Amino acid sequence: MKMLECPACNHKVNLKQAAATKKLNGIFILQCADCQQWSHENRKAAVVKNLGLILMITGSVIGYFQLGGIITGPLITFTGGLVAVATMFTVPRTIYTNA
């Protein structure tokens, strides 16, 4: 199960047991069940993560159809996955403000 840390109170928030969730301008916003504070991921990090996921899908298709050799598809898939996972784990969530 995916656990996120609330940036306001450092409480571990389970995505299934979150107080509330919503999507605002394409960004997933999560409310902490402990302190009721809203938080979201960094916009630039979301773009980089999505690019990594697209790279994973592209590499999988290239590997499935064996376009460009045997190693090209898996290498692109691995690189895209590494970018997506590294972005998700290294860039912290930020507290949502209406400003």
# chains A, B, ... in the order shown; residues from 1 in each chain; ligands from 1

$ select_by_dssp --residues "chain A" --states "helix (DSSP H, G or I)" --output "JSON, numbers by chain"
{"A": [15, 16, 17, 43, 44, 45, 46, 47, 48, 49, 50, 51, 52, 53, 54, 55, 56, 57, 58, 59, 60, 61, 62, 63, 64, 65, 72, 73, 74, 75, 76, 77, 78, 79, 80, 81, 82, 83, 84, 85, 86, 87, 88, 89, 90]}

$ write_last_selection --atoms "N, CA and C atoms" --output "tab-separated table (two decimals), in the first residue's frame"
chain	number	residue	atom	x	y	z
A	15	LEU	N	-3.16	6.09	1.17
A	15	LEU	CA	-4.02	6.63	0.12
A	15	LEU	C	-5.45	6.10	0.24
A	16	LYS	N	-5.63	4.89	0.74
A	16	LYS	CA	-6.98	4.33	0.89
A	16	LYS	C	-7.72	4.94	2.07
A	17	GLN	N	-6.98	5.44	3.08
A	17	GLN	CA	-7.61	5.97	4.29
A	17	GLN	C	-7.46	7.48	4.41
A	43	ARG	N	4.49	20.62	-9.30
A	43	ARG	CA	4.04	20.58	-10.70
A	43	ARG	C	5.13	20.10	-11.65
A	44	LYS	N	6.35	20.58	-11.46
A	44	LYS	CA	7.45	20.15	-12.33
A	44	LYS	C	7.74	18.67	-12.12
A	45	ALA	N	7.65	18.21	-10.87
A	45	ALA	CA	7.88	16.80	-10.59
A	45	ALA	C	6.79	15.93	-11.23
A	46	ALA	N	5.56	16.43	-11.25
A	46	ALA	CA	4.47	15.68	-11.88
A	46	ALA	C	4.71	15.55	-13.38
A	47	VAL	N	5.20	16.61	-14.00
A	47	VAL	CA	5.49	16.56	-15.44
A	47	VAL	C	6.62	15.57	-15.73
A	48	VAL	N	7.69	15.61	-14.93
A	48	VAL	CA	8.82	14.70	-15.13
A	48	VAL	C	8.39	13.26	-14.89
A	49	LYS	N	7.56	13.03	-13.86
A	49	LYS	CA	7.08	11.69	-13.57
A	49	LYS	C	6.23	11.16	-14.73
A	50	ASN	N	5.35	12.00	-15.26
A	50	ASN	CA	4.52	11.58	-16.38
A	50	ASN	C	5.35	11.31	-17.63
A	51	LEU	N	6.39	12.11	-17.86
A	51	LEU	CA	7.29	11.85	-18.99
A	51	LEU	C	8.00	10.51	-18.82
A	52	GLY	N	8.41	10.20	-17.59
A	52	GLY	CA	9.03	8.91	-17.32
A	52	GLY	C	8.07	7.75	-17.58
A	53	LEU	N	6.81	7.92	-17.20
A	53	LEU	CA	5.82	6.87	-17.45
A	53	LEU	C	5.56	6.70	-18.94
A	54	ILE	N	5.51	7.80	-19.68
A	54	ILE	CA	5.34	7.73	-21.14
A	54	ILE	C	6.55	7.04	-21.77
A	55	LEU	N	7.73	7.33	-21.26
A	55	LEU	CA	8.94	6.68	-21.75
A	55	LEU	C	8.90	5.18	-21.47
A	56	MET	N	8.35	4.80	-20.33
A	56	MET	CA	8.20	3.37	-20.01
A	56	MET	C	7.28	2.68	-20.99
A	57	ILE	N	6.15	3.31	-21.29
A	57	ILE	CA	5.19	2.72	-22.22
A	57	ILE	C	5.79	2.63	-23.62
A	58	THR	N	6.48	3.68	-24.04
A	58	THR	CA	7.12	3.68	-25.36
A	58	THR	C	8.17	2.57	-25.46
A	59	GLY	N	8.98	2.44	-24.44
A	59	GLY	CA	9.99	1.39	-24.42
A	59	GLY	C	9.37	0.00	-24.43
A	60	SER	N	8.25	-0.16	-23.74
A	60	SER	CA	7.57	-1.46	-23.73
A	60	SER	C	7.05	-1.82	-25.11
A	61	VAL	N	6.48	-0.84	-25.81
A	61	VAL	CA	5.98	-1.08	-27.17
A	61	VAL	C	7.15	-1.40	-28.11
A	62	ILE	N	8.24	-0.64	-27.99
A	62	ILE	CA	9.42	-0.90	-28.83
A	62	ILE	C	9.97	-2.30	-28.55
A	63	GLY	N	10.01	-2.69	-27.28
A	63	GLY	CA	10.50	-4.02	-26.92
A	63	GLY	C	9.57	-5.13	-27.38
A	64	TYR	N	8.26	-4.88	-27.31
A	64	TYR	CA	7.30	-5.90	-27.72
A	64	TYR	C	7.43	-6.20	-29.21
A	65	PHE	N	7.53	-5.15	-30.01
A	65	PHE	CA	7.64	-5.33	-31.45
A	65	PHE	C	9.09	-5.48	-31.92
A	72	THR	N	17.22	-2.20	-27.04
A	72	THR	CA	16.72	-0.83	-27.07
A	72	THR	C	15.44	-0.65	-26.25
A	73	GLY	N	14.44	-1.50	-26.46
A	73	GLY	CA	13.16	-1.37	-25.76
A	73	GLY	C	13.30	-1.50	-24.25
A	74	PRO	N	13.93	-2.58	-23.76
A	74	PRO	CA	14.09	-2.70	-22.30
A	74	PRO	C	14.92	-1.59	-21.69
A	75	LEU	N	15.91	-1.10	-22.42
A	75	LEU	CA	16.74	-0.01	-21.90
A	75	LEU	C	15.92	1.28	-21.76
A	76	ILE	N	15.09	1.57	-22.75
A	76	ILE	CA	14.22	2.75	-22.67
A	76	ILE	C	13.20	2.58	-21.54
A	77	THR	N	12.65	1.38	-21.41
A	77	THR	CA	11.68	1.11	-20.34
A	77	THR	C	12.31	1.28	-18.97
A	78	PHE	N	13.50	0.73	-18.79
A	78	PHE	CA	14.20	0.84	-17.51
A	78	PHE	C	14.52	2.30	-17.19
A	79	THR	N	14.97	3.06	-18.19
A	79	THR	CA	15.29	4.48	-17.97
A	79	THR	C	14.04	5.27	-17.59
A	80	GLY	N	12.94	5.04	-18.29
A	80	GLY	CA	11.68	5.72	-17.97
A	80	GLY	C	11.18	5.39	-16.58
A	81	GLY	N	11.27	4.11	-16.21
A	81	GLY	CA	10.85	3.70	-14.87
A	81	GLY	C	11.72	4.30	-13.79
A	82	LEU	N	13.01	4.35	-14.05
A	82	LEU	CA	13.94	4.95	-13.10
A	82	LEU	C	13.65	6.43	-12.90
A	83	VAL	N	13.36	7.14	-13.98
A	83	VAL	CA	13.03	8.56	-13.89
A	83	VAL	C	11.74	8.76	-13.10
A	84	ALA	N	10.71	7.97	-13.40
A	84	ALA	CA	9.43	8.11	-12.72
A	84	ALA	C	9.53	7.81	-11.22
A	85	VAL	N	10.19	6.72	-10.88
A	85	VAL	CA	10.30	6.33	-9.47
A	85	VAL	C	11.21	7.29	-8.70
A	86	ALA	N	12.32	7.68	-9.31
A	86	ALA	CA	13.23	8.61	-8.63
A	86	ALA	C	12.56	9.96	-8.38
A	87	THR	N	11.78	10.43	-9.33
A	87	THR	CA	11.07	11.69	-9.15
A	87	THR	C	10.04	11.58	-8.04
A	88	MET	N	9.33	10.46	-8.01
A	88	MET	CA	8.29	10.29	-7.01
A	88	MET	C	8.86	10.23	-5.60
A	89	PHE	N	10.04	9.61	-5.43
A	89	PHE	CA	10.60	9.45	-4.10
A	89	PHE	C	11.49	10.60	-3.65
A	90	THR	N	12.04	11.38	-4.57
A	90	THR	CA	12.98	12.43	-4.17
A	90	THR	C	12.34	13.80	-4.01

$ residues_around --residues "A:Thr97" --least-positions-apart "2" --cutoff "10 Å" --atoms "only C-alpha atoms" --output "ChimeraX atom specification"
/A:37-40,94-95,99

$ residues_around --residues "A:Pro92" --least-positions-apart "4" --cutoff "9 Å" --atoms "only C-alpha atoms" --output "ChimeraX atom specification"
/A:5,7,41-42,88
